[in-house]
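Data block below; observations after.
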Amino acid sequence: MATRAVKIDELYPDGIPISVDWDAWEVGMSVFVPCTGLNKAGKHARAIAKRKGYEVVARSCIEGGYLGVRIWRTA
């Protein structure tokens, strides 16, 4: 089975790359990332946001019965 490299702007808290269209994000928008690696998801999101000059807030939650992280762009 072939694997591909994770792109610099992808989240990968559980080892599976998750793409977010960061450039389409406006202040106040959010995304839910289903995962068990809650701390990793927040850490990855903050690192990507820092490179892009964004500020984000990440909170662990359960949505639709799935554990994950909701990430909001705050600035």
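In the structure tokens, each chain is lettered A, B, ... as it comes, each chain's residues begin at 1, and ligands are numbered from 1 in order of appearance.
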Next on the checklist: I want to know what sits within 10 Å of Leu38 in chain A, based on only C-alpha atoms, with residues of the same chain fewer than 2 positions away left out; could you give that as a count of residues only?
Outcome noted: 18
Next on the checklist: For a quick check of understanding, using only C-alpha atoms, which of A:Gly37, A:Tyr54, A:Ser30, A:Ala47 has the smallest distance to Ile71 in chain A?
Outcome noted: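 Of A:Gly37, A:Tyr54, A:Ser30, A:Ala47, the one nearest Ile71 in chain A, counting only C-alpha atoms, is A:Ser30.
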Next on the checklist: Could you go through range 10-65 of chain A and tell me which residues DSSP, when run on the backbone, assigns to helix (DSSP H, G or I), listing them as a ChimeraX atom specification?
Outcome noted: /A:22-24,38-52
Give me a file of those residues, with all heavy atoms, as a CSV table (one decimal), in the first residue's frame.
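Wrote out.csv, looks like this:
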chain,number,residue,atom,x,y,z
A,22,TRP,N,-7.6,26.6,4.1
A,22,TRP,CA,-7.2,27.7,5.0
A,22,TRP,C,-7.3,29.0,4.3
A,22,TRP,O,-7.7,30.0,5.0
A,22,TRP,CB,-5.8,27.5,5.5
A,22,TRP,CG,-5.6,26.2,6.2
A,22,TRP,CD1,-5.0,25.1,5.8
A,22,TRP,CD2,-5.9,26.0,7.6
A,22,TRP,NE1,-5.0,24.1,6.8
A,22,TRP,CE2,-5.5,24.7,7.9
A,22,TRP,CE3,-6.5,26.7,8.6
A,22,TRP,CZ2,-5.7,24.1,9.1
A,22,TRP,CZ3,-6.7,26.1,9.9
A,22,TRP,CH2,-6.3,24.8,10.1
A,23,ASP,N,-7.1,29.1,3.0
A,23,ASP,CA,-7.1,30.4,2.4
A,23,ASP,C,-8.5,31.0,2.2
A,23,ASP,O,-8.7,32.1,2.0
A,23,ASP,CB,-6.4,30.3,1.0
A,23,ASP,CG,-4.9,30.0,1.2
A,23,ASP,OD1,-4.3,30.5,2.2
A,23,ASP,OD2,-4.4,29.3,0.4
A,24,ALA,N,-9.5,30.1,2.3
A,24,ALA,CA,-10.9,30.5,2.2
A,24,ALA,C,-11.5,30.9,3.5
A,24,ALA,O,-12.6,31.4,3.6
A,24,ALA,CB,-11.8,29.4,1.5
A,38,LEU,N,-6.5,14.9,20.1
A,38,LEU,CA,-7.1,16.2,20.3
A,38,LEU,C,-6.0,17.2,20.4
A,38,LEU,O,-6.0,18.3,19.8
A,38,LEU,CB,-8.0,16.2,21.5
A,38,LEU,CG,-9.2,15.2,21.5
A,38,LEU,CD1,-9.9,15.2,22.8
A,38,LEU,CD2,-10.1,15.4,20.3
A,39,ASN,N,-5.0,16.9,21.3
A,39,ASN,CA,-3.9,17.9,21.4
A,39,ASN,C,-3.1,18.1,20.2
A,39,ASN,O,-2.7,19.2,19.8
A,39,ASN,CB,-3.0,17.5,22.6
A,39,ASN,CG,-3.6,17.5,23.9
A,39,ASN,OD1,-4.5,18.3,24.1
A,39,ASN,ND2,-3.2,16.7,24.9
A,40,LYS,N,-2.9,17.0,19.4
A,40,LYS,CA,-2.1,17.1,18.2
A,40,LYS,C,-2.9,18.0,17.2
A,40,LYS,O,-2.3,18.8,16.4
A,40,LYS,CB,-1.9,15.8,17.6
A,40,LYS,CG,-0.7,15.0,18.2
A,40,LYS,CD,-0.5,13.7,17.5
A,40,LYS,CE,0.6,12.9,18.1
A,40,LYS,NZ,0.8,11.7,17.3
A,41,ALA,N,-4.2,17.8,17.1
A,41,ALA,CA,-5.0,18.6,16.1
A,41,ALA,C,-4.9,20.1,16.4
A,41,ALA,O,-4.7,20.9,15.5
A,41,ALA,CB,-6.5,18.2,16.2
A,42,GLY,N,-5.0,20.4,17.7
A,42,GLY,CA,-4.9,21.9,18.1
A,42,GLY,C,-3.5,22.4,17.8
A,42,GLY,O,-3.3,23.5,17.3
A,43,LYS,N,-2.5,21.6,18.1
A,43,LYS,CA,-1.1,22.0,17.9
A,43,LYS,C,-0.8,22.2,16.4
A,43,LYS,O,-0.2,23.2,16.0
A,43,LYS,CB,-0.1,20.9,18.4
A,43,LYS,CG,1.3,21.3,18.3
A,43,LYS,CD,2.2,20.2,18.9
A,43,LYS,CE,3.6,20.5,18.8
A,43,LYS,NZ,4.5,19.5,19.4
A,44,HIS,N,-1.3,21.3,15.5
A,44,HIS,CA,-1.1,21.4,14.1
A,44,HIS,C,-1.8,22.6,13.6
A,44,HIS,O,-1.3,23.4,12.8
A,44,HIS,CB,-1.6,20.2,13.4
A,44,HIS,CG,-0.8,18.9,13.7
A,44,HIS,ND1,-1.3,17.7,13.3
A,44,HIS,CD2,0.3,18.7,14.3
A,44,HIS,CE1,-0.5,16.8,13.7
A,44,HIS,NE2,0.6,17.4,14.3
A,45,ALA,N,-3.0,22.9,14.0
A,45,ALA,CA,-3.8,24.0,13.6
A,45,ALA,C,-3.2,25.3,13.9
A,45,ALA,O,-3.1,26.2,13.1
A,45,ALA,CB,-5.2,23.9,14.1
A,46,ARG,N,-2.7,25.4,15.2
A,46,ARG,CA,-2.0,26.6,15.6
A,46,ARG,C,-0.7,26.9,14.8
A,46,ARG,O,-0.4,28.0,14.4
A,46,ARG,CB,-1.7,26.6,17.1
A,46,ARG,CG,-2.9,26.8,17.9
A,46,ARG,CD,-2.6,27.0,19.4
A,46,ARG,NE,-2.2,25.7,20.0
A,46,ARG,CZ,-3.0,24.8,20.4
A,46,ARG,NH1,-4.3,24.9,20.3
A,46,ARG,NH2,-2.5,23.7,20.9
A,47,ALA,N,0.0,25.8,14.5
A,47,ALA,CA,1.3,26.0,13.7
A,47,ALA,C,0.9,26.5,12.3
A,47,ALA,O,1.6,27.4,11.7
A,47,ALA,CB,2.0,24.7,13.6
A,48,ILE,N,-0.1,25.9,11.6
A,48,ILE,CA,-0.5,26.3,10.3
A,48,ILE,C,-1.0,27.8,10.3
A,48,ILE,O,-0.6,28.6,9.5
A,48,ILE,CB,-1.6,25.4,9.7
A,48,ILE,CG1,-1.0,24.0,9.5
A,48,ILE,CG2,-2.2,26.0,8.5
A,48,ILE,CD1,-2.1,22.9,9.3
A,49,ALA,N,-1.8,28.1,11.3
A,49,ALA,CA,-2.3,29.5,11.5
A,49,ALA,C,-1.2,30.5,11.7
A,49,ALA,O,-1.2,31.6,11.1
A,49,ALA,CB,-3.3,29.5,12.6
A,50,LYS,N,-0.2,30.1,12.4
A,50,LYS,CA,0.9,31.0,12.7
A,50,LYS,C,1.6,31.3,11.3
A,50,LYS,O,2.0,32.5,11.1
A,50,LYS,CB,1.9,30.4,13.7
A,50,LYS,CG,3.0,31.3,14.0
A,50,LYS,CD,3.9,30.7,15.1
A,50,LYS,CE,5.0,31.7,15.5
A,50,LYS,NZ,5.9,31.1,16.5
A,51,ARG,N,1.8,30.3,10.5
A,51,ARG,CA,2.5,30.5,9.2
A,51,ARG,C,1.7,31.4,8.3
A,51,ARG,O,2.2,32.2,7.5
A,51,ARG,CB,2.7,29.2,8.5
A,51,ARG,CG,3.9,28.4,9.0
A,51,ARG,CD,4.3,27.3,8.1
A,51,ARG,NE,3.2,26.4,7.7
A,51,ARG,CZ,2.9,25.3,8.5
A,51,ARG,NH1,3.5,25.0,9.6
A,51,ARG,NH2,1.9,24.5,8.0
A,52,LYS,N,0.4,31.4,8.5
A,52,LYS,CA,-0.5,32.1,7.6
A,52,LYS,C,-0.9,33.5,8.2
A,52,LYS,O,-1.5,34.3,7.6
A,52,LYS,CB,-1.8,31.4,7.3
A,52,LYS,CG,-1.5,30.1,6.5
A,52,LYS,CD,-2.8,29.5,6.0
A,52,LYS,CE,-2.4,28.5,4.9
A,52,LYS,NZ,-2.0,29.0,3.7
Item to check | Point-to-point distance in Å for CA of Gly15 in chain A and CA of Gly28 in chain A | outcome: 27.5 Å
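Across the structure, CA of Trp25 in chain A and CA of Ile8 in chain A are spaced 16.7 Å apart.
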Next on the checklist: Please extract the residues of chain A with a backbone DSSP assignment of strand (DSSP E) and present them as a PyMOL selection string.
Outcome noted: chain A and resi 10-11+18-19+30-34+56-63+66-73
Checklist entry - In Å, with one decimal, what is the gap from CA of Tyr66 in chain A to CA of Phe32 in chain A? => result 9.8 Å
Next on the checklist: Which residues are close to Ala75 in chain A, i.e. within 9 Å by only C-alpha atoms, leaving aside same-chain residues fewer than 6 positions away? Reply as a list of chain:residue names.
Outcome noted: A:Glu26, A:Val27, A:Gly28, A:Gly53, A:Tyr54, A:Glu55, A:Val56
